[in-house]
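final_4.csv (CSV, C-alpha atoms and all ligand atoms) appears below.
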chain,number,residue,atom,x,y,z
B,10,MET,CA,0.0,58.3,45.5
B,11,SER,CA,1.7,55.0,46.1
B,12,SER,CA,4.9,54.2,44.1
B,13,HIS,CA,3.7,50.6,43.8
B,14,GLU,CA,1.3,51.4,41.0
B,15,PRO,CA,1.9,49.3,37.9
B,16,ARG,CA,4.5,50.7,35.5
B,17,VAL,CA,3.8,50.0,31.9
B,18,GLY,CA,5.6,51.0,28.7
B,19,MET,CA,4.6,51.0,25.1
B,20,LEU,CA,7.1,50.8,22.3
B,21,GLY,CA,5.3,50.9,19.0
B,22,GLY,CA,6.8,50.6,15.6
B,23,THR,CA,6.8,49.0,12.2
B,24,PHE,CA,9.3,46.3,13.2
B,25,ASP,CA,10.0,45.6,9.6
B,26,PRO,CA,11.9,43.6,10.7
B,27,VAL,CA,12.7,43.7,14.5
B,28,HIS,CA,16.4,44.1,15.2
B,29,LEU,CA,18.8,44.4,18.1
B,30,GLY,CA,18.4,48.2,18.1
B,31,HIS,CA,14.8,47.7,19.1
B,32,LEU,CA,15.3,44.7,21.5
B,33,ARG,CA,18.4,46.0,23.4
B,34,SER,CA,16.7,49.4,23.8
B,35,ALA,CA,13.5,47.6,25.1
B,36,VAL,CA,15.5,45.7,27.7
B,37,GLU,CA,17.4,48.8,28.8
B,38,LEU,CA,14.1,50.9,28.9
B,39,HIS,CA,12.5,48.1,31.0
B,40,GLU,CA,15.4,48.4,33.5
B,41,ALA,CA,15.8,52.2,33.4
B,42,LEU,CA,12.1,52.8,34.1
B,43,ALA,CA,11.7,49.7,36.4
B,44,LEU,CA,8.7,48.7,34.2
B,45,ASP,CA,6.5,45.8,35.0
B,46,GLN,CA,5.9,45.3,31.3
B,47,LEU,CA,6.9,46.8,28.1
B,48,HIS,CA,4.4,46.2,25.3
B,49,MET,CA,6.1,46.1,21.9
B,50,ILE,CA,3.3,46.8,19.4
B,51,PRO,CA,3.6,46.4,15.7
B,52,ALA,CA,1.5,48.8,13.6
B,53,GLN,CA,-1.1,47.3,11.3
B,54,GLN,CA,-0.9,50.2,8.9
B,55,PRO,CA,1.7,52.7,9.9
B,56,PRO,CA,-0.1,56.0,9.0
B,57,LEU,CA,3.0,57.9,8.0
B,58,ARG,CA,4.7,55.4,5.6
B,59,GLY,CA,4.0,53.2,2.7
B,60,ARG,CA,2.7,49.7,3.1
B,61,PRO,CA,5.4,47.3,4.3
B,62,GLN,CA,6.2,44.5,1.9
B,63,VAL,CA,6.0,41.9,4.6
B,64,SER,CA,2.6,41.4,6.2
B,65,ALA,CA,1.7,42.7,9.6
B,66,GLN,CA,1.2,39.1,10.8
B,67,GLN,CA,4.7,38.2,9.6
B,68,ARG,CA,6.2,41.2,11.3
B,69,LEU,CA,4.4,40.2,14.5
B,70,SER,CA,5.7,36.7,14.2
B,71,LEU,CA,9.3,37.9,13.8
B,72,LEU,CA,8.8,40.1,16.8
B,73,GLN,CA,7.6,37.2,18.9
B,74,VAL,CA,10.6,35.1,17.8
B,75,GLY,CA,12.9,38.0,18.6
B,76,ILE,CA,11.5,38.6,22.1
B,77,GLY,CA,11.5,34.9,22.9
B,78,ASP,CA,11.4,34.5,26.7
B,79,THR,CA,12.9,37.9,27.5
B,80,PRO,CA,11.4,38.9,30.9
B,81,GLY,CA,9.2,41.9,30.9
B,82,LEU,CA,8.9,42.3,27.1
B,83,VAL,CA,5.6,41.3,25.4
B,84,ALA,CA,4.7,41.2,21.7
B,85,ASP,CA,1.3,42.9,21.7
B,86,ASP,CA,-1.0,42.3,18.7
B,87,ARG,CA,-3.7,44.8,19.6
B,88,GLU,CA,-3.1,47.1,16.6
B,89,LEU,CA,-3.4,44.1,14.3
B,90,GLN,CA,-6.7,43.0,15.9
B,91,ARG,CA,-8.1,46.5,15.7
B,92,GLY,CA,-7.4,46.9,12.0
B,93,GLY,CA,-7.5,50.3,10.2
B,94,PRO,CA,-4.8,52.9,10.7
B,95,SER,CA,-2.7,52.4,13.8
B,96,TYR,CA,-2.9,55.5,15.8
B,97,SER,CA,-0.8,55.5,19.0
B,98,VAL,CA,-3.3,57.6,21.0
B,99,ASP,CA,-6.0,54.8,20.4
B,100,THR,CA,-3.5,52.2,21.6
B,101,LEU,CA,-2.6,54.3,24.7
B,102,ALA,CA,-6.3,54.7,25.5
B,103,GLU,CA,-6.7,51.0,25.4
B,104,LEU,CA,-3.7,50.4,27.7
B,105,ARG,CA,-4.9,53.1,30.0
B,106,ALA,CA,-8.4,51.5,30.2
B,107,HIS,CA,-6.8,48.1,30.9
B,108,TYR,CA,-4.3,49.1,33.6
B,109,GLY,CA,-6.4,51.8,35.3
B,110,GLU,CA,-6.1,55.5,36.1
B,111,HIS,CA,-3.2,55.2,38.6
B,112,ALA,CA,-0.9,53.1,36.5
B,113,ARG,CA,2.3,54.8,35.3
B,114,LEU,CA,1.9,54.6,31.6
B,115,VAL,CA,4.8,55.5,29.3
B,116,MET,CA,4.9,55.9,25.6
B,117,ALA,CA,8.6,55.4,24.4
B,118,ILE,CA,9.9,56.5,21.1
B,119,GLY,CA,13.2,57.0,19.5
B,120,TYR,CA,14.4,60.5,18.7
B,121,ASP,CA,13.9,60.0,15.0
B,122,ALA,CA,10.2,59.2,15.5
B,123,PHE,CA,9.9,62.0,18.0
B,124,LEU,CA,11.1,64.6,15.4
B,125,ARG,CA,7.9,63.7,13.4
B,126,LEU,CA,5.5,63.5,16.3
B,127,ALA,CA,3.7,66.8,15.5
B,128,GLN,CA,2.4,65.1,12.3
B,129,TRP,CA,0.9,62.2,14.2
B,130,HIS,CA,-2.8,61.8,14.8
B,131,GLN,CA,-3.9,64.0,17.8
B,132,PRO,CA,-0.5,64.2,19.4
B,133,GLU,CA,-1.9,66.6,22.1
B,134,ARG,CA,-3.8,63.7,23.6
B,135,ILE,CA,-0.7,61.7,24.4
B,136,PHE,CA,0.0,63.6,27.6
B,137,ALA,CA,-3.6,63.2,28.8
B,138,LEU,CA,-3.0,59.4,28.6
B,139,ALA,CA,0.7,58.8,29.3
B,140,HIS,CA,4.2,60.1,29.9
B,141,LEU,CA,6.4,60.5,26.9
B,142,VAL,CA,10.0,59.1,27.1
B,143,VAL,CA,12.2,59.8,24.1
B,144,ILE,CA,15.3,57.7,23.7
B,145,ALA,CA,18.4,58.9,21.9
B,146,ARG,CA,19.2,57.2,18.6
B,147,PRO,CA,22.6,57.4,16.9
B,148,GLY,CA,22.6,59.6,13.8
B,149,TYR,CA,19.7,61.8,14.9
B,150,SER,CA,20.6,65.0,16.6
B,151,ASP,CA,18.5,67.7,14.8
B,152,ALA,CA,17.2,70.4,17.1
B,153,LEU,CA,13.5,70.2,18.0
B,154,PRO,CA,11.1,71.9,15.6
B,155,GLU,CA,9.1,74.7,17.2
B,156,SER,CA,5.8,72.7,16.9
B,157,LEU,CA,7.4,70.1,19.3
B,158,THR,CA,8.8,72.5,21.8
B,159,GLU,CA,5.3,73.8,22.0
B,160,LEU,CA,3.8,70.4,22.4
B,161,VAL,CA,6.2,69.4,25.2
B,162,GLY,CA,5.8,72.8,26.8
B,163,GLN,CA,6.7,72.7,30.5
B,164,ARG,CA,6.3,69.0,30.9
B,165,GLY,CA,10.0,68.1,31.0
B,166,VAL,CA,11.4,66.3,34.0
B,167,ASP,CA,15.0,65.4,34.9
B,168,SER,CA,14.7,61.9,36.4
B,169,VAL,CA,12.7,58.7,36.3
B,170,GLU,CA,11.7,59.2,40.0
B,171,GLN,CA,10.1,62.5,39.1
B,172,LEU,CA,8.4,61.0,36.1
B,173,MET,CA,7.0,58.1,38.1
B,174,GLN,CA,5.4,60.4,40.8
B,175,SER,CA,2.4,60.8,38.5
B,176,PRO,CA,0.5,58.5,36.2
B,177,ARG,CA,0.8,60.6,33.0
B,178,GLY,CA,1.7,64.0,31.5
B,179,GLY,CA,5.5,64.2,31.8
B,180,TYR,CA,8.3,64.2,29.3
B,181,LEU,CA,11.8,62.7,29.8
B,182,PHE,CA,14.7,62.4,27.4
B,183,LEU,CA,16.8,59.3,28.1
B,184,GLU,CA,20.1,58.2,26.8
B,185,LEU,CA,20.2,54.5,27.3
B,186,PRO,CA,23.6,52.8,27.8
B,187,SER,CA,23.8,50.9,24.4
B,188,LEU,CA,23.4,53.2,21.5
B,189,LEU,CA,23.1,50.9,18.5
B,190,ALA,CA,23.1,52.4,15.0
B,191,ILE,CA,21.0,49.6,13.6
B,192,SER,CA,17.9,50.4,11.4
B,193,ALA,CA,15.3,48.2,9.7
B,194,THR,CA,15.9,50.1,6.5
B,195,GLY,CA,19.6,49.1,6.5
B,196,ILE,CA,18.6,45.5,7.3
B,197,ARG,CA,16.1,45.4,4.4
B,198,GLU,CA,18.8,46.7,2.1
B,199,CYS,CA,21.3,44.0,3.2
B,200,LEU,CA,18.7,41.3,2.7
B,201,TYR,CA,17.7,42.5,-0.8
B,202,GLN,CA,21.3,42.6,-1.7
B,203,GLY,CA,22.0,39.1,-0.3
B,204,LYS,CA,24.4,40.6,2.3
B,205,SER,CA,24.8,39.2,5.9
B,206,VAL,CA,22.6,40.5,8.7
B,207,ARG,CA,24.4,38.4,11.3
B,208,TYR,CA,24.6,40.2,14.7
B,209,LEU,CA,22.1,42.8,13.7
B,210,MET,CA,19.2,40.7,14.9
B,211,PRO,CA,18.7,37.6,17.1
B,212,GLU,CA,19.7,34.5,15.1
B,213,PRO,CA,16.2,32.9,15.3
B,214,VAL,CA,14.8,36.0,13.6
B,215,GLU,CA,17.4,35.7,10.9
B,216,GLN,CA,16.6,32.0,10.5
B,217,ALA,CA,12.8,32.7,10.3
B,218,ILE,CA,13.4,35.4,7.6
B,219,LYS,CA,15.5,32.9,5.6
B,220,HIS,CA,13.1,30.1,6.1
B,221,HIS,CA,10.1,32.1,4.8
B,222,GLY,CA,12.1,33.8,2.1
B,223,LEU,CA,11.2,37.3,3.4
B,224,TYR,CA,12.7,40.6,2.2
B,225,GLN,CA,14.1,38.9,-0.9
B,226,GLN,CA,14.2,40.7,-4.3
D,301,LIG,P1,12.9,51.9,9.5
D,301,LIG,O1,14.4,52.0,9.2
D,301,LIG,O2,12.2,50.9,8.6
D,301,LIG,O3,12.3,53.3,9.6
D,301,LIG,P2,13.4,51.5,12.3
D,301,LIG,O4,14.6,50.7,12.4
D,301,LIG,O5,13.4,53.0,12.6
D,301,LIG,O6,12.7,51.2,10.9
D,301,LIG,P3,10.8,51.2,13.6
D,301,LIG,O7,10.0,50.0,13.7
D,301,LIG,O8,10.3,52.3,12.8
D,301,LIG,O9,12.3,50.8,13.3
D,301,LIG,O10,11.1,51.7,15.1
D,301,LIG,C1,10.2,51.5,16.2
D,301,LIG,C2,10.7,52.4,17.4
D,301,LIG,O11,12.0,52.0,17.8
D,301,LIG,C3,10.8,53.9,17.0
D,301,LIG,O12,10.4,54.7,18.1
D,301,LIG,C4,12.3,54.1,16.7
D,301,LIG,O13,12.7,55.4,16.9
D,301,LIG,C5,12.9,53.1,17.7
D,301,LIG,N1,14.2,52.5,17.3
D,301,LIG,C6,14.4,51.9,16.1
D,301,LIG,N2,15.7,51.5,16.0
D,301,LIG,C7,16.3,52.0,17.1
D,301,LIG,C8,17.7,51.9,17.6
D,301,LIG,N3,18.6,51.4,16.8
D,301,LIG,N4,17.9,52.5,18.8
D,301,LIG,C9,16.9,53.1,19.5
D,301,LIG,N5,15.7,53.2,19.1
D,301,LIG,C10,15.3,52.6,17.9
How would this structure read if it were set down as structure tokens?
Ligand code: ATP
Amino acid sequence: MSSHEPRVGMLGGTFDPVHLGHLRSAVELHEALALDQLHMIPAQQPPLRGRPQVSAQQRLSLLQVGIGDTPGLVADDRELQRGGPSYSVDTLAELRAHYGEHARLVMAIGYDAFLRLAQWHQPERIFALAHLVVIARPGYSDALPESLTELVGQRGVDSVEQLMQSPRGGYLFLELPSLLAISATGIRECLYQGKSVRYLMPEPVEQAIKHHGLYQQ
């Protein structure tokens, strides 16, 4: 199979709000996997957490502002358009249908999210649709629960080249160069308490949050 097939990544999340941990990881992922495009996709209704206080549309707008003109990154609103619970396997199926059977499709998640993957909707379908790339995240080093070891099975590969030899079905753990211990939870707390969030997110995102009075008490 040709190695010139499109390489497409998906990084889903709540992005409540988007921060430099997301954006720098996205840029490094785009480079490490030599992706044509990385779709950053806010969840309409994250199935496994409470309803965010800021609307999905506002989280999407902040993501758009954060990405700006960064090459290769796109703010993708398909989960907002779809409505209902945002299941990643449905999103992957849409991307697979769009890019075709031979595209190299990668679902990327941080290690914290990976630790909860067995609770997701139909996680066993992921590998029929895409590769799974897990990125290290500071502060999360728990061993894999047995349910996940089983899910991943013999799918592990050691390199991006190996992963990209097929369109789907592989698992790769990646430690990206910049490990940033930034979380949206920490940022929301700073904002509620009136503390500075400078250098945790792009300045235009900070300005938009202030302008619209988001994440205030
Ligand atoms: P919260 O603190 O509200 O749970 P979060 O900061 O973890 O939010 P999410 O929107 O839940 O952000 O994350 C989307 C995806 O990005 C997840 O796969 C998550 O693991 C990953 N991610 C978030 N922050 C980082 C970071 N600092 N470094 C690497 N990956 C991250």
From the options B:Ser156, B:Tyr224, B:Val214, B:Met173, which residue's atoms come nearest to Ser70 (chain B), counting all atoms listed in the file? B:Val214
Pick from B:Leu181, B:Leu223, B:Leu20, B:Val63: nearest to His39 (chain B), with only C-alpha atoms counted?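 Going through B:Leu181, B:Leu223, B:Leu20, B:Val63 one by one, the smallest distance to His39 (chain B) is for B:Leu20.
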Computed interatomic separation between CA of His111 (chain B) and CA of Met49 (chain B) (Å):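 Computing it gives 21.2 Å between the two atoms.
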Expected answer as an MDAnalysis selection string: all residues with atoms within 12 Å of (19.1, 53.9, 16.7), all atoms listed in the file: chainID B and resid 28:35 118:122 143:150 184:185 187:195 209
I need the chosen residues saved as a PDB file, keeping the file's coordinate frame, with C-alpha atoms.
ATOM      1  CA  HIS B  28      16.400  44.100  15.200  1.00  0.00           C
ATOM      2  CA  LEU B  29      18.800  44.400  18.100  1.00  0.00           C
ATOM      3  CA  GLY B  30      18.400  48.200  18.100  1.00  0.00           C
ATOM      4  CA  HIS B  31      14.800  47.700  19.100  1.00  0.00           C
ATOM      5  CA  LEU B  32      15.300  44.700  21.500  1.00  0.00           C
ATOM      6  CA  ARG B  33      18.400  46.000  23.400  1.00  0.00           C
ATOM      7  CA  SER B  34      16.700  49.400  23.800  1.00  0.00           C
ATOM      8  CA  ALA B  35      13.500  47.600  25.100  1.00  0.00           C
ATOM      9  CA  ILE B 118       9.900  56.500  21.100  1.00  0.00           C
ATOM     10  CA  GLY B 119      13.200  57.000  19.500  1.00  0.00           C
ATOM     11  CA  TYR B 120      14.400  60.500  18.700  1.00  0.00           C
ATOM     12  CA  ASP B 121      13.900  60.000  15.000  1.00  0.00           C
ATOM     13  CA  ALA B 122      10.200  59.200  15.500  1.00  0.00           C
ATOM     14  CA  VAL B 143      12.200  59.800  24.100  1.00  0.00           C
ATOM     15  CA  ILE B 144      15.300  57.700  23.700  1.00  0.00           C
ATOM     16  CA  ALA B 145      18.400  58.900  21.900  1.00  0.00           C
ATOM     17  CA  ARG B 146      19.200  57.200  18.600  1.00  0.00           C
ATOM     18  CA  PRO B 147      22.600  57.400  16.900  1.00  0.00           C
ATOM     19  CA  GLY B 148      22.600  59.600  13.800  1.00  0.00           C
ATOM     20  CA  TYR B 149      19.700  61.800  14.900  1.00  0.00           C
ATOM     21  CA  SER B 150      20.600  65.000  16.600  1.00  0.00           C
ATOM     22  CA  GLU B 184      20.100  58.200  26.800  1.00  0.00           C
ATOM     23  CA  LEU B 185      20.200  54.500  27.300  1.00  0.00           C
ATOM     24  CA  SER B 187      23.800  50.900  24.400  1.00  0.00           C
ATOM     25  CA  LEU B 188      23.400  53.200  21.500  1.00  0.00           C
ATOM     26  CA  LEU B 189      23.100  50.900  18.500  1.00  0.00           C
ATOM     27  CA  ALA B 190      23.100  52.400  15.000  1.00  0.00           C
ATOM     28  CA  ILE B 191      21.000  49.600  13.600  1.00  0.00           C
ATOM     29  CA  SER B 192      17.900  50.400  11.400  1.00  0.00           C
ATOM     30  CA  ALA B 193      15.300  48.200   9.700  1.00  0.00           C
ATOM     31  CA  THR B 194      15.900  50.100   6.500  1.00  0.00           C
ATOM     32  CA  GLY B 195      19.600  49.100   6.500  1.00  0.00           C
ATOM     33  CA  LEU B 209      22.100  42.800  13.700  1.00  0.00           C
TER      34      LEU B 209
END
Pick from B:Ala41, B:Ile196, B:Ala217, B:Leu82: nearest to ligand LIG 301 (chain D), with all atoms listed in the file counted? B:Ile196
